[in-house]
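Text of work.cif (mmCIF, C-alpha atoms, pLDDT in the B column; chains and numbers go by the auth columns) as supplied:
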data_target
#
loop_
_atom_site.group_PDB
_atom_site.id
_atom_site.type_symbol
_atom_site.label_atom_id
_atom_site.label_comp_id
_atom_site.label_asym_id
_atom_site.label_seq_id
_atom_site.Cartn_x
_atom_site.Cartn_y
_atom_site.Cartn_z
_atom_site.B_iso_or_equiv
_atom_site.auth_seq_id
_atom_site.auth_asym_id
ATOM 1 C CA MET A 1 43.521 97.722 85.528 50.00 1 A
ATOM 2 C CA SER A 2 45.272 95.861 88.295 81.00 2 A
ATOM 3 C CA LEU A 3 48.927 95.457 89.169 93.00 3 A
ATOM 4 C CA ASP A 4 50.742 92.254 88.251 93.00 4 A
ATOM 5 C CA VAL A 5 51.935 91.396 91.737 93.00 5 A
ATOM 6 C CA SER A 6 54.567 88.689 91.987 93.00 6 A
ATOM 7 C CA PRO A 7 54.122 85.943 94.579 93.00 7 A
ATOM 8 C CA ALA A 8 57.242 87.227 96.380 93.00 8 A
ATOM 9 C CA LEU A 9 55.883 90.782 96.623 94.00 9 A
ATOM 10 C CA LEU A 10 52.490 89.517 97.769 92.00 10 A
ATOM 11 C CA ALA A 11 54.183 87.379 100.451 93.00 11 A
ATOM 12 C CA GLN A 12 56.161 90.421 101.568 93.00 12 A
ATOM 13 C CA ALA A 13 52.917 92.406 101.910 93.00 13 A
ATOM 14 C CA GLU A 14 51.304 89.588 103.871 93.00 14 A
ATOM 15 C CA ARG A 15 54.243 89.581 106.319 94.00 15 A
ATOM 16 C CA GLY A 16 54.126 93.334 106.913 92.00 16 A
ATOM 17 C CA GLU A 17 56.122 96.163 105.422 87.00 17 A
ATOM 18 C CA VAL A 18 56.812 96.194 101.687 92.00 18 A
ATOM 19 C CA ASP A 19 60.042 97.359 100.105 93.00 19 A
ATOM 20 C CA GLU A 20 58.997 100.483 98.202 95.00 20 A
ATOM 21 C CA ALA A 21 61.556 99.888 95.444 96.00 21 A
ATOM 22 C CA ALA A 22 59.935 96.505 94.792 95.00 22 A
ATOM 23 C CA PHE A 23 56.511 98.144 94.728 96.00 23 A
ATOM 24 C CA VAL A 24 57.738 100.818 92.291 97.00 24 A
ATOM 25 C CA ASP A 25 59.165 98.092 90.064 97.00 25 A
ATOM 26 C CA CYS A 26 55.791 96.329 90.159 96.00 26 A
ATOM 27 C CA VAL A 27 54.126 99.569 89.037 97.00 27 A
ATOM 28 C CA ARG A 28 56.737 100.039 86.285 97.00 28 A
ATOM 29 C CA THR A 29 56.127 96.575 84.832 97.00 29 A
ATOM 30 C CA SER A 30 52.354 96.525 85.383 97.00 30 A
ATOM 31 C CA LEU A 31 51.559 99.992 84.062 97.00 31 A
ATOM 32 C CA PRO A 32 54.161 100.633 81.341 97.00 32 A
ATOM 33 C CA TYR A 33 52.242 103.401 79.558 96.00 33 A
ATOM 34 C CA ALA A 34 51.705 105.348 82.780 96.00 34 A
ATOM 35 C CA TRP A 35 55.318 104.749 83.813 97.00 35 A
ATOM 36 C CA GLU A 36 56.638 106.016 80.486 97.00 36 A
ATOM 37 C CA MET A 37 54.362 109.056 80.622 96.00 37 A
ATOM 38 C CA VAL A 38 55.594 110.080 84.067 97.00 38 A
ATOM 39 C CA SER A 39 59.226 109.224 83.227 97.00 39 A
ATOM 40 C CA SER A 40 59.190 111.312 80.067 97.00 40 A
ATOM 41 C CA LEU A 41 57.595 114.277 81.823 97.00 41 A
ATOM 42 C CA VAL A 42 60.194 114.111 84.598 97.00 42 A
ATOM 43 C CA ALA A 43 62.954 114.070 81.968 97.00 43 A
ATOM 44 C CA GLN A 44 61.331 116.991 80.167 96.00 44 A
ATOM 45 C CA LEU A 45 61.129 118.983 83.406 94.00 45 A
ATOM 46 C CA LYS A 46 64.800 118.315 84.129 93.00 46 A
ATOM 47 C CA VAL A 47 65.930 119.272 80.620 95.00 47 A
ATOM 48 C CA ASP A 48 63.647 122.258 80.047 92.00 48 A
ATOM 49 C CA GLY A 49 63.425 123.496 83.623 86.00 49 A
ATOM 50 C CA GLY A 50 60.507 125.763 84.379 83.00 50 A
ATOM 51 C CA GLU A 51 57.570 125.414 86.691 88.00 51 A
ATOM 52 C CA PHE A 52 56.173 122.137 85.322 92.00 52 A
ATOM 53 C CA ALA A 53 55.949 119.706 82.411 94.00 53 A
ATOM 54 C CA ASP A 54 52.690 118.246 81.180 92.00 54 A
ATOM 55 C CA ASN A 55 51.160 115.978 78.577 92.00 55 A
ATOM 56 C CA GLN A 56 48.158 117.080 76.539 84.00 56 A
ATOM 57 C CA THR A 57 47.979 114.178 74.102 87.00 57 A
ATOM 58 C CA PRO A 58 45.219 111.656 74.823 86.00 58 A
ATOM 59 C CA PRO A 59 46.302 108.034 75.341 90.00 59 A
ATOM 60 C CA PRO A 60 46.308 105.890 72.196 92.00 60 A
ATOM 61 C CA ASP A 61 43.713 103.429 73.525 92.00 61 A
ATOM 62 C CA GLU A 62 41.544 102.488 76.488 90.00 62 A
ATOM 63 C CA GLN A 63 44.197 100.239 78.005 93.00 63 A
ATOM 64 C CA ALA A 64 46.651 103.136 78.154 93.00 64 A
ATOM 65 C CA ARG A 65 43.955 105.435 79.558 91.00 65 A
ATOM 66 C CA GLY A 66 43.196 102.815 82.208 91.00 66 A
ATOM 67 C CA GLN A 67 46.847 102.699 83.204 94.00 67 A
ATOM 68 C CA LEU A 68 46.957 106.463 83.734 93.00 68 A
ATOM 69 C CA LEU A 69 43.757 106.380 85.753 91.00 69 A
ATOM 70 C CA ARG A 70 45.042 103.476 87.872 93.00 70 A
ATOM 71 C CA ALA A 71 48.393 105.103 88.537 94.00 71 A
ATOM 72 C CA LEU A 72 47.065 108.532 89.406 92.00 72 A
ATOM 73 C CA ALA A 73 43.862 107.564 91.208 91.00 73 A
ATOM 74 C CA SER A 74 45.634 105.266 93.653 93.00 74 A
ATOM 75 C CA ASP A 75 47.128 107.154 96.587 93.00 75 A
ATOM 76 C CA ALA A 76 49.707 104.399 97.129 95.00 76 A
ATOM 77 C CA ILE A 77 50.843 104.280 93.501 95.00 77 A
ATOM 78 C CA ARG A 78 50.802 108.035 93.036 95.00 78 A
ATOM 79 C CA GLY A 79 52.732 108.598 96.254 96.00 79 A
ATOM 80 C CA ALA A 80 55.320 105.965 95.374 97.00 80 A
ATOM 81 C CA LEU A 81 55.813 107.533 91.934 97.00 81 A
ATOM 82 C CA GLU A 82 56.193 110.988 93.457 96.00 82 A
ATOM 83 C CA ARG A 83 58.807 109.755 95.920 97.00 83 A
ATOM 84 C CA HIS A 84 60.643 107.699 93.304 98.00 84 A
ATOM 85 C CA PHE A 85 60.888 110.544 90.784 97.00 85 A
ATOM 86 C CA GLY A 86 61.128 113.381 93.315 96.00 86 A
ATOM 87 C CA VAL A 87 58.209 115.335 91.849 96.00 87 A
ATOM 88 C CA ARG A 88 54.630 116.242 92.593 93.00 88 A
ATOM 89 C CA LEU A 89 52.049 114.813 90.203 94.00 89 A
ATOM 90 C CA ALA A 90 48.833 116.464 89.095 90.00 90 A
ATOM 91 C CA PHE A 91 46.092 115.082 86.873 87.00 91 A
ATOM 92 C CA GLN A 92 43.239 116.565 84.856 81.00 92 A
ATOM 93 C CA ASN A 93 40.644 114.811 82.723 69.00 93 A
ATOM 94 C CA CYS A 94 41.608 111.426 81.370 66.00 94 A
ATOM 95 C CA HIS A 95 45.095 112.187 80.174 71.00 95 A
ATOM 96 C CA ARG A 96 46.572 115.512 81.228 82.00 96 A
ATOM 97 C CA VAL A 97 49.352 114.510 83.583 89.00 97 A
ATOM 98 C CA ALA A 98 51.746 117.132 84.922 90.00 98 A
ATOM 99 C CA VAL A 99 54.869 116.969 87.045 93.00 99 A
ATOM 100 C CA PHE A 100 55.998 119.772 89.318 89.00 100 A
ATOM 101 C CA PRO A 101 59.275 120.192 91.202 88.00 101 A
ATOM 102 C CA THR A 102 59.184 119.635 94.943 87.00 102 A
ATOM 103 C CA ASP A 103 61.375 122.657 95.728 84.00 103 A
ATOM 104 C CA GLY A 104 58.378 125.002 95.778 74.00 104 A
ATOM 105 C CA SER A 105 59.296 126.790 92.550 69.00 105 A
ATOM 106 C CA GLY A 106 56.142 125.528 90.848 66.00 106 A
ATOM 107 C CA ASP A 107 53.732 125.846 93.767 74.00 107 A
ATOM 108 C CA GLU A 108 51.789 128.767 92.301 79.00 108 A
ATOM 109 C CA ARG A 109 51.494 127.010 88.936 72.00 109 A
ATOM 110 C CA LEU A 110 50.462 123.773 90.676 67.00 110 A
ATOM 111 C CA ALA A 111 47.734 125.649 92.546 71.00 111 A
ATOM 112 C CA ARG A 112 46.429 127.082 89.245 73.00 112 A
ATOM 113 C CA PHE A 113 46.647 123.678 87.523 70.00 113 A
ATOM 114 C CA THR A 114 44.690 121.899 90.264 66.00 114 A
ATOM 115 C CA SER A 115 42.149 124.679 90.829 61.00 115 A
ATOM 116 C CA VAL A 116 38.481 124.456 89.921 64.00 116 A
ATOM 117 C CA ARG A 117 39.132 127.176 87.336 66.00 117 A
ATOM 118 C CA GLY A 118 42.014 125.179 85.849 62.00 118 A
ATOM 119 C CA GLN A 119 39.829 122.096 85.608 63.00 119 A
ATOM 120 C CA LEU A 120 37.032 123.993 83.888 65.00 120 A
ATOM 121 C CA LEU A 121 39.390 125.655 81.413 64.00 121 A
ATOM 122 C CA ASN A 122 40.818 122.247 80.475 64.00 122 A
ATOM 123 C CA GLN A 123 37.453 120.860 79.317 63.00 123 A
ATOM 124 C CA SER A 124 36.833 119.901 75.719 60.00 124 A
ATOM 125 C CA PRO A 125 33.846 118.330 73.951 60.00 125 A
ATOM 126 C CA THR A 126 36.238 115.793 72.393 57.00 126 A
ATOM 127 C CA LEU A 127 37.142 114.511 75.858 51.00 127 A
ATOM 128 C CA ARG A 128 33.597 113.838 77.061 48.00 128 A
ATOM 129 C CA ASP A 129 34.059 110.055 77.011 53.00 129 A
ATOM 130 C CA CYS A 130 37.401 109.871 78.703 52.00 130 A
#

Now, as a test, write the supplied structure out as structure tokens.
Amino acid sequence: MSLDVSPALLAQAERGEVDEAAFVDCVRTSLPYAWEMVSSLVAQLKVDGGEFADNQTPPPDEQARGQLLRALASDAIRGALERHFGVRLAFQNCHRVAVFPTDGSGDERLARFTSVRGQLLNQSPTLRDC
């Protein structure tokens, strides 16, 4: 799963620094499932409040799963999404994406979510192929 980079954005990268807003827009249009997942979780966190918001529903298909993996496995994409939305992202298995506030209010919950224990407790035989 690669990004659909416009010739203008590629030329910008070849010249040096890239406008992060343009990069974020490239991510938004290239990885729409991942973008919508993160966007909806950010909205949920803002509406519901609390320590975090997460998704526990597997992606509908392999293309969607690939988008999540691409977005969250890439340091550049993940970092740009975190800065754009003003959250911290966490990821378990092939689909469990979570957003945490950056104000520190969810730090303890983030530590539990990203712990070895948290990873082990989130395992399921139905997710073996993800």

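Computed from the coordinates, the CA of Asp107 (chain A) to CA of Val42 (chain A) distance equals 16.2 Å.
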
**Report entry** Leu41 (chain A) environment, 8 Å, all atoms listed in the file, sequence neighbours closer than 5 positions dropped, as JSON, numbers by chain
**Finding:** {"A": [53, 54, 55, 98, 99]}

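The nearest approach to Ala34 (chain A) among the residues A:Gly66, A:Ala8, A:Ala76, A:Phe85, with only C-alpha atoms taken into account, belongs to A:Gly66.
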
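Compared by their closest atoms to Ile77 (chain A), and using only C-alpha atoms, the residues A:Ala11, A:Asp61, A:Ser2, A:Asp48 rank with A:Ser2 nearest.
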
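The nearest approach to Leu81 (chain A) among the residues A:Arg65, A:Lys46, A:Arg15, A:Arg28, with all atoms listed in the file taken into account, belongs to A:Arg28.
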
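CA of Val38 (chain A) lies 16.4 Å from CA of Gly50 (chain A).
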
The PyMOL selection byres ((chain A and resi 56-58) around 6) on the file shown: which residues, as a PDB file with C-alpha atoms, in the coordinates of the input?
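Written output follows (selection00.pdb):
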ATOM      1  CA  ASN A  55      51.160 115.978  78.577  1.00 92.00           C
ATOM      2  CA  PRO A  59      46.302 108.034  75.341  1.00 90.00           C
ATOM      3  CA  HIS A  95      45.095 112.187  80.174  1.00 71.00           C
ATOM      4  CA  ARG A  96      46.572 115.512  81.228  1.00 82.00           C
TER       5      ARG A  96
END

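With CA of Trp35 (chain A) on one side and CA of Gly104 (chain A) on the other, the separation reads 23.7 Å.
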
Report task. Could you tell me which residues the PyMOL selection byres ((chain A and resi 32) around 12) grabs in this file, written as a VMD selection string? Result -> chain A and resid 1 3 to 4 24 to 31 33 to 40 63 to 68 70 to 71

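With distances restricted to all atoms listed in the file, A:Leu89 is the closest residue to Phe52 (chain A) from A:Val5, A:Leu89, A:Ala22, A:Leu69.
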
Query raised in the report: Using all atoms listed in the file, which residue out of A:Glu108, A:Glu62, A:Arg78, A:Glu14 lies closest to Phe91 (chain A)?
Result: A:Arg78
